[in-house]
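Novice: The structure that follows is given in the form of structure tokens.
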Amino acid sequence: MSLDPEVVPILEFMQSLGMPDPATATPADFRGGMVALPVENPTPVAAVEDQTIAGPGGALGLRIYRPEGNAPAPLLVFYHGGGWVIGDLDSHDELCRQLCAGAGCVVVSVDYRLAPEAKFPAAPEDCYAATLWAVDHAAAIGADSGRVCVAGDRAGGN
């Protein structure tokens, strides 16, 4: 089966950016490709902090974005996209910065375990554990535990 001619330029563009060939790539190849798309001028926020908490499968990474202004701010717990297989804190850093700055909320981005190494329901369990942690520690991170939203991009929106 041949590719639709309209798709060819898109794949060529992706490969020019260092994205792997979808026909032969492994999940690990795609993970590296997602991180390789840098942002020249990231959206400014008041503070960004990486933190590790105890998760259901071991250490669970979080990235906390704090907005300008007075605390406590609303809390948004964010789950990145990537089909539960690719994506991480870095691949969705700019989006989280935009959410933090634009909505004036504290964003807690969750670096959940990825498939196929971590079998279902590892990712949703990590997301749930991170949400509980964020609500329980809202005051310490400058957030309001009474104003909480969960959101995600693509698979993370599940």
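To be explicit about the labels: the chains of the structure tokens are called A, B, and onward in the order shown, and within each one the residues are counted from 1, while ligands get numbers from 1 in the order they are shown.
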Excluding segment 121-131 of chain A and its own-chain neighbours fewer than 5 positions away, which residues fall within 9 Å of it when counting only C-alpha atoms? Please give them as a compact mmCIF listing (two decimals) with C-alpha atoms, in the first residue's frame.
Specialist:
# COMPACT_ATOMS: atom_id res chain seq x y z
CA ILE A 53 7.26 11.79 44.67
CA ALA A 54 6.51 8.20 45.66
CA GLY A 55 4.24 6.67 43.03
CA PRO A 56 2.53 3.31 42.76
CA GLY A 57 5.43 1.88 40.73
CA LEU A 60 7.22 9.50 39.94
CA GLY A 61 8.45 12.71 38.33
CA LEU A 62 6.48 15.95 38.40
CA VAL A 77 -2.84 18.64 37.06
CA PHE A 78 -1.68 17.90 33.51
CA TYR A 79 -1.10 14.54 31.79
CA TRP A 84 0.78 6.31 26.64
CA VAL A 108 1.59 20.05 37.97
CA SER A 109 2.75 18.04 34.95
CA VAL A 110 2.98 14.28 35.52
CA ASP A 111 5.77 12.10 34.09
CA TYR A 112 3.78 8.86 34.21
CA ARG A 113 5.20 5.44 33.33
CA LEU A 114 5.12 4.60 29.63
CA ALA A 115 4.09 1.50 27.69
CA ASP A 136 -2.78 17.12 49.39
CA VAL A 150 -7.33 17.83 35.62
CA GLY A 156 -3.37 12.27 28.59
CA ASN A 158 -8.27 10.17 28.65
Novice: If you count only C-alpha atoms, which residues fall within 12 Å of Gly142 of chain A, apart from same-chain ones fewer than 6 positions away, as a ChimeraX atom specification?
Specialist: /A:46-47,64-76,104-108,134-136
Novice: Now that the selection is made, can you save its residues with all heavy atoms as a short mmCIF file (atom, residue, chain, number, x, y, z; two decimals), in the first residue's frame?
Specialist:
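This went into selection_12.cif:
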data_model
loop_
_atom_site.label_atom_id
_atom_site.label_comp_id
_atom_site.auth_asym_id
_atom_site.auth_seq_id
_atom_site.Cartn_x
_atom_site.Cartn_y
_atom_site.Cartn_z
N ALA A 46 6.54 32.33 36.69
CA ALA A 46 7.27 32.77 37.88
C ALA A 46 8.31 31.76 38.32
O ALA A 46 9.42 32.13 38.73
CB ALA A 46 6.30 33.06 39.02
N ALA A 47 7.99 30.47 38.26
CA ALA A 47 8.94 29.44 38.70
C ALA A 47 8.58 28.10 38.08
O ALA A 47 7.40 27.82 37.81
CB ALA A 47 8.91 29.32 40.23
N ILE A 64 6.46 21.30 38.32
CA ILE A 64 5.49 22.26 38.87
C ILE A 64 5.80 23.64 38.31
O ILE A 64 6.93 24.14 38.43
CB ILE A 64 5.57 22.26 40.42
CG1 ILE A 64 5.31 20.85 40.94
CG2 ILE A 64 4.59 23.27 41.00
CD1 ILE A 64 5.68 20.64 42.39
N TYR A 65 4.78 24.25 37.71
CA TYR A 65 4.87 25.59 37.11
C TYR A 65 4.05 26.53 37.98
O TYR A 65 2.87 26.26 38.22
CB TYR A 65 4.30 25.59 35.70
CG TYR A 65 4.98 24.64 34.74
CD1 TYR A 65 4.64 23.29 34.72
CD2 TYR A 65 5.96 25.09 33.86
CE1 TYR A 65 5.26 22.41 33.85
CE2 TYR A 65 6.58 24.21 32.98
CZ TYR A 65 6.23 22.87 32.98
OH TYR A 65 6.84 22.01 32.12
N ARG A 66 4.67 27.64 38.41
CA ARG A 66 3.95 28.61 39.22
C ARG A 66 3.77 29.90 38.42
O ARG A 66 4.71 30.40 37.81
CB ARG A 66 4.70 28.88 40.50
CG ARG A 66 4.71 27.67 41.43
CD ARG A 66 5.38 27.97 42.77
NE ARG A 66 5.39 26.81 43.62
CZ ARG A 66 6.32 25.85 43.59
NH1 ARG A 66 7.30 25.93 42.73
NH2 ARG A 66 6.24 24.82 44.41
N PRO A 67 2.55 30.46 38.48
CA PRO A 67 2.29 31.70 37.73
C PRO A 67 2.74 32.93 38.50
O PRO A 67 3.01 32.87 39.71
CB PRO A 67 0.77 31.69 37.59
CG PRO A 67 0.31 31.04 38.87
CD PRO A 67 1.35 29.97 39.16
N GLU A 68 2.82 34.05 37.80
CA GLU A 68 3.04 35.34 38.45
C GLU A 68 1.81 35.64 39.30
O GLU A 68 0.71 35.17 39.02
CB GLU A 68 3.22 36.44 37.41
CG GLU A 68 4.41 36.25 36.49
CD GLU A 68 5.76 36.40 37.17
OE1 GLU A 68 5.83 36.99 38.27
OE2 GLU A 68 6.75 35.92 36.60
N GLY A 69 1.98 36.44 40.34
CA GLY A 69 0.83 36.85 41.14
C GLY A 69 0.81 36.19 42.49
O GLY A 69 1.72 35.45 42.87
N ASN A 70 -0.24 36.48 43.20
CA ASN A 70 -0.37 36.01 44.57
C ASN A 70 -0.92 34.59 44.63
O ASN A 70 -1.81 34.23 43.88
CB ASN A 70 -1.28 36.95 45.36
CG ASN A 70 -0.69 38.34 45.48
OD1 ASN A 70 0.52 38.51 45.53
ND2 ASN A 70 -1.54 39.34 45.51
N ALA A 71 -0.39 33.84 45.58
CA ALA A 71 -0.91 32.49 45.84
C ALA A 71 -2.04 32.63 46.86
O ALA A 71 -2.12 33.62 47.58
CB ALA A 71 0.20 31.61 46.39
N PRO A 72 -2.93 31.72 46.99
CA PRO A 72 -2.97 30.49 46.20
C PRO A 72 -3.67 30.69 44.86
O PRO A 72 -4.62 31.45 44.74
CB PRO A 72 -3.75 29.53 47.08
CG PRO A 72 -4.66 30.39 47.88
CD PRO A 72 -3.93 31.71 48.07
N ALA A 73 -3.16 29.98 43.87
CA ALA A 73 -3.73 30.02 42.52
C ALA A 73 -4.49 28.73 42.27
O ALA A 73 -4.26 27.73 42.95
CB ALA A 73 -2.59 30.17 41.50
N PRO A 74 -5.39 28.71 41.31
CA PRO A 74 -6.04 27.45 40.96
C PRO A 74 -4.98 26.40 40.59
O PRO A 74 -3.87 26.74 40.17
CB PRO A 74 -6.90 27.81 39.75
CG PRO A 74 -7.10 29.28 39.84
CD PRO A 74 -5.86 29.83 40.48
N LEU A 75 -5.34 25.15 40.72
CA LEU A 75 -4.43 24.02 40.46
C LEU A 75 -4.89 23.26 39.24
O LEU A 75 -6.06 22.90 39.13
CB LEU A 75 -4.42 23.09 41.68
CG LEU A 75 -3.69 21.75 41.54
CD1 LEU A 75 -2.20 21.97 41.28
CD2 LEU A 75 -3.89 20.92 42.81
N LEU A 76 -3.96 23.02 38.31
CA LEU A 76 -4.24 22.19 37.15
C LEU A 76 -3.23 21.05 37.14
O LEU A 76 -2.02 21.30 37.16
CB LEU A 76 -4.12 22.99 35.85
CG LEU A 76 -4.41 22.20 34.58
CD1 LEU A 76 -5.35 22.98 33.67
CD2 LEU A 76 -3.14 21.86 33.86
N GLY A 104 -3.19 31.58 34.72
CA GLY A 104 -2.82 32.04 36.06
C GLY A 104 -2.96 30.95 37.10
O GLY A 104 -3.37 31.21 38.24
N CYS A 105 -2.64 29.71 36.71
CA CYS A 105 -2.80 28.59 37.64
C CYS A 105 -1.47 27.88 37.85
O CYS A 105 -0.55 27.98 37.04
CB CYS A 105 -3.84 27.60 37.12
SG CYS A 105 -3.43 26.84 35.54
N VAL A 106 -1.37 27.17 38.96
CA VAL A 106 -0.24 26.27 39.19
C VAL A 106 -0.51 25.03 38.35
O VAL A 106 -1.60 24.45 38.41
CB VAL A 106 -0.12 25.89 40.69
CG1 VAL A 106 0.94 24.81 40.89
CG2 VAL A 106 0.20 27.12 41.53
N VAL A 107 0.48 24.64 37.56
CA VAL A 107 0.36 23.43 36.74
C VAL A 107 1.31 22.38 37.30
O VAL A 107 2.50 22.65 37.49
CB VAL A 107 0.68 23.70 35.26
CG1 VAL A 107 0.67 22.40 34.45
CG2 VAL A 107 -0.30 24.71 34.68
N VAL A 108 0.77 21.19 37.57
CA VAL A 108 1.59 20.05 37.97
C VAL A 108 1.54 19.06 36.81
O VAL A 108 0.51 18.46 36.54
CB VAL A 108 1.08 19.40 39.27
CG1 VAL A 108 1.89 18.16 39.60
CG2 VAL A 108 1.13 20.40 40.42
N ALA A 134 -0.94 16.25 44.50
CA ALA A 134 -1.04 17.68 44.22
C ALA A 134 -2.12 18.34 45.08
O ALA A 134 -1.91 19.44 45.61
CB ALA A 134 -1.33 17.92 42.74
N VAL A 135 -3.24 17.68 45.24
CA VAL A 135 -4.31 18.24 46.08
C VAL A 135 -3.86 18.27 47.54
O VAL A 135 -4.04 19.27 48.24
CB VAL A 135 -5.62 17.45 45.90
CG1 VAL A 135 -6.66 17.87 46.92
CG2 VAL A 135 -6.16 17.62 44.48
N ASP A 136 -3.25 17.18 48.00
CA ASP A 136 -2.78 17.12 49.39
C ASP A 136 -1.68 18.14 49.70
O ASP A 136 -1.54 18.58 50.84
CB ASP A 136 -2.26 15.72 49.73
CG ASP A 136 -3.36 14.68 49.84
OD1 ASP A 136 -4.56 15.06 49.94
OD2 ASP A 136 -3.04 13.48 49.81
#
Novice: When you count only C-alpha atoms, which of these residues is closest to Leu95 of chain A: A:Ala59, A:Ala139, A:Val39, A:Leu132?
Specialist: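 Of all the options, A:Val39 lies closest to Leu95 of chain A.
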Novice: To one decimal in Å, tell me the separation between atom CA of Val48 of chain A and atom CA of Cys96 of chain A.
Specialist: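 According to the coordinates, atom CA of Val48 of chain A and atom CA of Cys96 of chain A are separated by 10.2 Å.
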Novice: Pick out the residues sitting within 9 Å of segment 9-11 of chain A, and hand them over as a PyMOL selection string; count only C-alpha atoms, and ignore anything fewer than 5 positions along from it in its own chain.
Specialist: chain A and resi 16+19+21-22
Novice: Could you write out that same residue set with C-alpha atoms as an mmCIF file, in the first residue's frame?
Specialist:
data_model
loop_
_atom_site.group_PDB
_atom_site.id
_atom_site.type_symbol
_atom_site.label_atom_id
_atom_site.label_comp_id
_atom_site.auth_asym_id
_atom_site.auth_seq_id
_atom_site.Cartn_x
_atom_site.Cartn_y
_atom_site.Cartn_z
ATOM 1 C CA SER A 16 14.139 16.836 8.572
ATOM 2 C CA MET A 19 11.954 12.423 13.822
ATOM 3 C CA ASP A 21 10.976 6.784 10.226
ATOM 4 C CA PRO A 22 7.561 5.532 11.424
#
